[in-house]
Amino acid sequence: MTSAVATDRAGRIAAVAKADAIDVVILGAGINGAGLFRDLSAQGVDCLIIDKGDFASGTSAAPSRLIHGGLKYLETGEFGLVAQSTLERNLLLKNAPHCVSPLPTIIPIFSWTKGIWAAVRTLFGSTSAPRSRGAILIKIGLSIYDYYGSRNRVMPRHKLVGRSRALRDLPALTKSIVATGTYYDAKISHPERLVLELVTDGLEANPRSAAANYTKLVSSSDGVLTFQAESGAEFSIRPTLVVNAAGPWIDHVNSLLGAPSKMIGGTKGSHILLKHDELVRSLAGRMIYFEADDGRICLVYGYLGLALVGSTDIPADSPDRVQCDPQEIDYLLESVRGLLPGMAFDHDQIVYAYSGIRPLPASNASVPGLISRDHSAPVAEPNPSRPFPIISLIGGKWTTFRGFAEEVADSVLKHLARSRRVTTRSMPIGGGKGFPTTPEARASWLNNANAACDIGRERIDQLLSRYGTTGLKIALHRSCGNGEDRLADSTDYSLSEIDYILRNEYVEHLSDVVMRRTTLAITGSLSIGDLNQIAALAGKVLGWNALRISEEIDAACKQLNDRNLMRLR
């Protein structure tokens, strides 16, 4: 890499290694680690964040892509988690409007009174989940949900409608319903990019902080951590404090640090994306949040032109080998068949599949869905052979990352005898800075941006929707001699857009571009021809030779085919 960003990155890592000591090392650059990195860096704390893979390449890349308050957590009495989740959802709608947007959600209701006593038993600790939640129970739950979501409210309250009106609105819905409820949560269009933005915001906030992907911890000895990049280059650092944000790998990392633990009892969640235009049209921007035959809560909603269906919840402990199994696919397809008998569903409609291990706390719960999604941050205190404390980030959910980071950051600041400089509560993220949120403001922004780069208002609008206000930098990059050549098949993307990503967004592998910096893979638009075009450009920008380019293409194809069930056109 020879770009200014690559030079800055190398310079920061060299400076950290030369200094020998740093305030905080964060191991794991998923959503929790990245959120904490931004918060601490904004307080002037010198941080190093490291990931053995790409940023947001593990569990953080495999969510249901929802930013939600956790309606189902009301059943288990986790009212504090619901209160925090609904607040954080509302804050993300304001701080990341470029990728977080409201999502009207429909709950099919199959009875009027069922589930009340089962819900009471669950509330008081029963290990079996309630089944067939009736209208009365759902009405109570949605009213409580609205109450908790009232802080910084940005969306309407819930409503219930009868069977006739519900079926007029969604004719394909099963006729066995008695009513539907509609409430509002939110969705995130590109979670992987939001993680990257948190990392880059942290780097911008503190010039002494540093970040490195594809860098692994190889040893911990006498208070010194040694890391190795893929190139084989090593560097060592002496941290004052270590944060283990490795998600489902937390116990493995703690063992490497000399603090063996058994904190994680993860479950696997799998999702599939279907090419189903009829379903996407019927949903009309809404999600259906429904109960499958076995009582498991499932969902389906339109995501970037496809129908996203999820999710499973299966005990699992092998995050490096996780993938969507045939039984899970059958389960998800059968679930939507039962919900929407007026539509056809089959394996040929699957465009993409993905799985991840939720880093939940170890639990003896008989039903995975009843394991708490709340978070905790236990501390392994220093000892004679390990002079730094280790804070492990256990559990949590995508929506609450900012609040979790704030709690942990305050603990770190206390340990370092420092005080908080700024709050992240109203801090915009990445392309959310200066994002135009009204039609008038958007029109004005587009006019000004188009005057600055003159590539067409429609294209600028597309970049604004995809990247937020960062889209202007990409547009200017295009207009400065980089052309506007589109990819052969995925014509929504241009080569100069990819060129910007390669030069500015810490790309190390071809899969980083197609799976995390863009939505080329997950939307199914990527073709072999596109992959070859992108690989050739990456070779030019990143200095790959012909053998490396070929290896990158083969590796990306294998991953997409084997783990994501994607058939490249």
# chains A, B, ... in the order shown; residues from 1 in each chain; ligands from 1

$ residues_around --residues "Gln228 in chain A" --least-positions-apart "3" --cutoff "10 Å" --atoms "only C-alpha atoms" --output "ChimeraX atom specification"
/A:52,214-219,231-236

$ write_last_selection --atoms "N, CA, C and O atoms" --output "compact mmCIF listing (two decimals), in the first residue's frame"
# COMPACT_ATOMS: atom_id res chain seq x y z
N LYS A 52 -7.39 -9.93 14.42
CA LYS A 52 -6.67 -10.98 13.68
C LYS A 52 -7.19 -11.12 12.26
O LYS A 52 -6.52 -11.70 11.40
N TYR A 214 -5.83 -7.70 10.40
CA TYR A 214 -4.99 -8.83 9.99
C TYR A 214 -3.67 -8.87 10.77
O TYR A 214 -2.60 -9.06 10.22
N THR A 215 -3.80 -8.68 12.06
CA THR A 215 -2.63 -8.68 12.95
C THR A 215 -2.98 -9.51 14.18
O THR A 215 -3.99 -9.24 14.84
N LYS A 216 -2.19 -10.50 14.48
CA LYS A 216 -2.55 -11.41 15.57
C LYS A 216 -1.62 -11.27 16.77
O LYS A 216 -0.45 -10.89 16.65
N LEU A 217 -2.18 -11.55 17.93
CA LEU A 217 -1.40 -11.60 19.17
C LEU A 217 -0.64 -12.92 19.19
O LEU A 217 -1.25 -13.99 19.08
N VAL A 218 0.67 -12.85 19.30
CA VAL A 218 1.46 -14.08 19.29
C VAL A 218 2.02 -14.44 20.66
O VAL A 218 2.31 -15.61 20.93
N SER A 219 2.16 -13.44 21.54
CA SER A 219 2.66 -13.78 22.88
C SER A 219 2.36 -12.67 23.87
O SER A 219 2.14 -11.51 23.50
N SER A 231 2.36 -9.95 7.00
CA SER A 231 3.66 -9.90 6.31
C SER A 231 4.75 -10.62 7.09
O SER A 231 5.84 -10.86 6.56
N GLY A 232 4.47 -10.93 8.36
CA GLY A 232 5.47 -11.55 9.23
C GLY A 232 6.15 -10.55 10.15
O GLY A 232 6.84 -10.94 11.10
N ALA A 233 5.97 -9.26 9.88
CA ALA A 233 6.59 -8.23 10.72
C ALA A 233 5.96 -8.26 12.11
O ALA A 233 4.75 -8.41 12.26
N GLU A 234 6.82 -8.11 13.11
CA GLU A 234 6.35 -8.13 14.49
C GLU A 234 6.64 -6.80 15.19
O GLU A 234 7.56 -6.08 14.81
N PHE A 235 5.83 -6.49 16.18
CA PHE A 235 6.12 -5.36 17.05
C PHE A 235 5.57 -5.68 18.44
O PHE A 235 4.68 -6.51 18.60
N SER A 236 6.13 -5.02 19.44
CA SER A 236 5.75 -5.28 20.83
C SER A 236 5.35 -3.98 21.51
O SER A 236 5.81 -2.89 21.14

$ residues_around --residues "Val280 in chain A" --least-positions-apart "4" --cutoff "8 Å" --atoms "only C-alpha atoms" --output "VMD selection string"
chain A and resid 276 284 to 285 301 to 302 305 to 307

$ write_last_selection --atoms "N, CA and C atoms" --output "mmCIF file, in the first residue's frame"
data_model
loop_
_atom_site.group_PDB
_atom_site.id
_atom_site.type_symbol
_atom_site.label_atom_id
_atom_site.label_comp_id
_atom_site.auth_asym_id
_atom_site.auth_seq_id
_atom_site.Cartn_x
_atom_site.Cartn_y
_atom_site.Cartn_z
ATOM 1 N N HIS A 276 -36.708 -12.391 -4.196
ATOM 2 C CA HIS A 276 -38.147 -12.653 -4.173
ATOM 3 C C HIS A 276 -38.863 -11.310 -4.314
ATOM 4 N N ALA A 284 -43.250 -3.832 1.381
ATOM 5 C CA ALA A 284 -43.298 -2.369 1.217
ATOM 6 C C ALA A 284 -42.531 -1.641 2.321
ATOM 7 N N GLY A 285 -41.322 -2.097 2.573
ATOM 8 C CA GLY A 285 -40.480 -1.419 3.550
ATOM 9 C C GLY A 285 -40.720 -1.814 4.989
ATOM 10 N N TYR A 301 -37.717 -9.204 6.175
ATOM 11 C CA TYR A 301 -37.920 -7.828 5.716
ATOM 12 C C TYR A 301 -37.070 -7.566 4.474
ATOM 13 N N GLY A 302 -37.403 -6.494 3.772
ATOM 14 C CA GLY A 302 -36.677 -6.134 2.567
ATOM 15 C C GLY A 302 -35.354 -5.476 2.897
ATOM 16 N N GLY A 305 -33.212 -4.591 -1.692
ATOM 17 C CA GLY A 305 -33.846 -5.227 -2.825
ATOM 18 C C GLY A 305 -34.068 -6.716 -2.686
ATOM 19 N N LEU A 306 -33.568 -7.316 -1.617
ATOM 20 C CA LEU A 306 -33.760 -8.740 -1.351
ATOM 21 C C LEU A 306 -34.616 -8.925 -0.106
ATOM 22 N N ALA A 307 -35.040 -10.160 0.152
ATOM 23 C CA ALA A 307 -35.771 -10.476 1.378
ATOM 24 C C ALA A 307 -34.819 -11.173 2.332
#

$ closest_residue --among "A:Lys433, A:His477, A:Arg457, A:His347" --to "Met566 in chain A" --atoms "only C-alpha atoms"
A:His347

$ closest_residue --among "A:Ile50, A:Leu257, A:Val45, A:Val82" --to "His415 in chain A" --atoms "only C-alpha atoms"
A:Val45

$ residues_around --residues "range 384-386 of chain A" --least-positions-apart "5" --cutoff "9 Å" --atoms "only C-alpha atoms" --output "VMD selection string"
chain A and resid 220 to 224 257 to 259

$ closest_atom_pairs --of "range 64-176 of chain A" --to "range 416-425 of chain A" --cutoff "12 Å" --atoms "only C-alpha atoms" --output "tab-separated table"
residue	atom	partner	partner_atom	distance
A:Leu87	CA	A:Arg425	CA	10.1
A:Glu88	CA	A:Arg425	CA	8.7
A:Arg89	CA	A:Arg425	CA	11.5
A:Asn90	CA	A:Arg425	CA	10.6
A:Leu91	CA	A:Arg425	CA	7.1
A:Leu92	CA	A:Arg425	CA	9.2
A:Leu93	CA	A:Arg425	CA	11.8
A:Lys94	CA	A:Arg425	CA	10.0
A:Asn95	CA	A:Arg425	CA	8.5
A:Ala96	CA	A:Arg425	CA	11.7
A:Asn152	CA	A:Arg425	CA	11.2

$ residues_around --residues "range 56-60 of chain A" --least-positions-apart "5" --cutoff "12 Å" --atoms "only C-alpha atoms" --output "number ranges by chain"
A: 28-35, 50-51, 65-66, 190-199, 213-214, 245-249, 266-270, 318-323, 354-360, 395-399, 401, 509, 511-513, 515-517

$ closest_residue --among "A:Thr174, A:Ser143, A:Thr200, A:Asn447" --to "Leu160 in chain A" --atoms "only C-alpha atoms"
A:Ser143

$ atom_distance --atom1 "CA of Gly310 in chain A" --atom2 "CA of Leu332 in chain A"
6.6 Å

$ residues_around --residues "range 548-563 of chain A" --least-positions-apart "5" --cutoff "12 Å" --atoms "only C-alpha atoms" --output "PyMOL selection string"
chain A and resi 270-272+320-326+351-356+508-515+520-522+524+526-543+568-569

$ atom_distance --atom1 "CA of Ala172 in chain A" --atom2 "CA of Ser101 in chain A"
25.7 Å

$ atom_distance --atom1 "CA of Val300 in chain A" --atom2 "CA of Lys275 in chain A"
12.6 Å

$ residues_around --residues "Tyr506 in chain A" --least-positions-apart "2" --cutoff "8 Å" --atoms "only C-alpha atoms" --output "mmCIF file with C-alpha atoms, in the first residue's frame"
data_model
loop_
_atom_site.group_PDB
_atom_site.id
_atom_site.type_symbol
_atom_site.label_atom_id
_atom_site.label_comp_id
_atom_site.auth_asym_id
_atom_site.auth_seq_id
_atom_site.Cartn_x
_atom_site.Cartn_y
_atom_site.Cartn_z
ATOM 1 C CA VAL A 5 -3.828 6.401 4.611
ATOM 2 C CA ALA A 6 -1.405 3.461 4.407
ATOM 3 C CA ASN A 213 -6.347 -5.404 10.936
ATOM 4 C CA LEU A 502 -8.678 0.694 -1.855
ATOM 5 C CA ARG A 503 -6.686 3.830 -1.105
ATOM 6 C CA ASN A 504 -8.512 5.011 2.008
ATOM 7 C CA GLU A 508 -5.753 -5.942 2.766
#

$ select_by_dssp --residues "range 134-223 of chain A" --states "strand (DSSP E or B)" --output "MDAnalysis selection string"
chainID A and resid 159:162 179:188 210:212 215:221

$ write_last_selection --atoms "C-alpha atoms" --output "short mmCIF file (atom, residue, chain, number, x, y, z; two decimals), in the first residue's frame"
data_model
loop_
_atom_site.label_atom_id
_atom_site.label_comp_id
_atom_site.auth_asym_id
_atom_site.auth_seq_id
_atom_site.Cartn_x
_atom_site.Cartn_y
_atom_site.Cartn_z
CA LYS A 159 -51.16 0.18 16.65
CA LEU A 160 -53.28 -3.00 16.33
CA VAL A 161 -55.62 -3.81 13.43
CA GLY A 162 -58.12 -6.63 12.90
CA ALA A 179 -55.09 -9.44 14.11
CA THR A 180 -51.69 -7.80 13.59
CA GLY A 181 -49.73 -5.30 15.62
CA THR A 182 -47.43 -2.69 14.09
CA TYR A 183 -44.61 -0.97 15.94
CA TYR A 184 -41.36 0.73 14.95
CA ASP A 185 -37.73 -0.30 15.28
CA ALA A 186 -34.83 0.39 12.92
CA LYS A 187 -32.50 -1.33 10.45
CA ILE A 188 -28.89 -0.76 9.48
CA ALA A 210 -3.51 3.32 16.04
CA ALA A 211 -5.41 0.48 14.39
CA ALA A 212 -4.32 -2.68 12.61
CA THR A 215 -2.63 -8.68 12.95
CA LYS A 216 -2.55 -11.41 15.57
CA LEU A 217 -1.40 -11.60 19.17
CA VAL A 218 1.46 -14.08 19.29
CA SER A 219 2.66 -13.78 22.88
CA SER A 220 2.18 -12.12 26.25
CA SER A 221 5.16 -12.11 28.59
#

$ closest_residue --among "A:Ile49, A:Ile177, A:Cys99, A:Ala316" --to "Ser164 in chain A" --atoms "only C-alpha atoms"
A:Ile177

$ select_by_dssp --residues "range 287-420 of chain A" --states "alpha helix (DSSP H)" --output "list in words"
Pro326, Gln327, Glu328, Ile329, Asp330, Tyr331, Leu332, Leu333, Glu334, Ser335, Val336, Arg337, Gly338, Leu339, Phe401, Arg402, Gly403, Phe404, Ala405, Glu406, Glu407, Val408, Ala409, Asp410, Ser411, Val412, Leu413, Lys414 and His415 of chain A

$ closest_residue --among "A:Gly342, A:Phe435, A:Lys72, A:Asn564" --to "Leu273 in chain A" --atoms "only C-alpha atoms"
A:Asn564
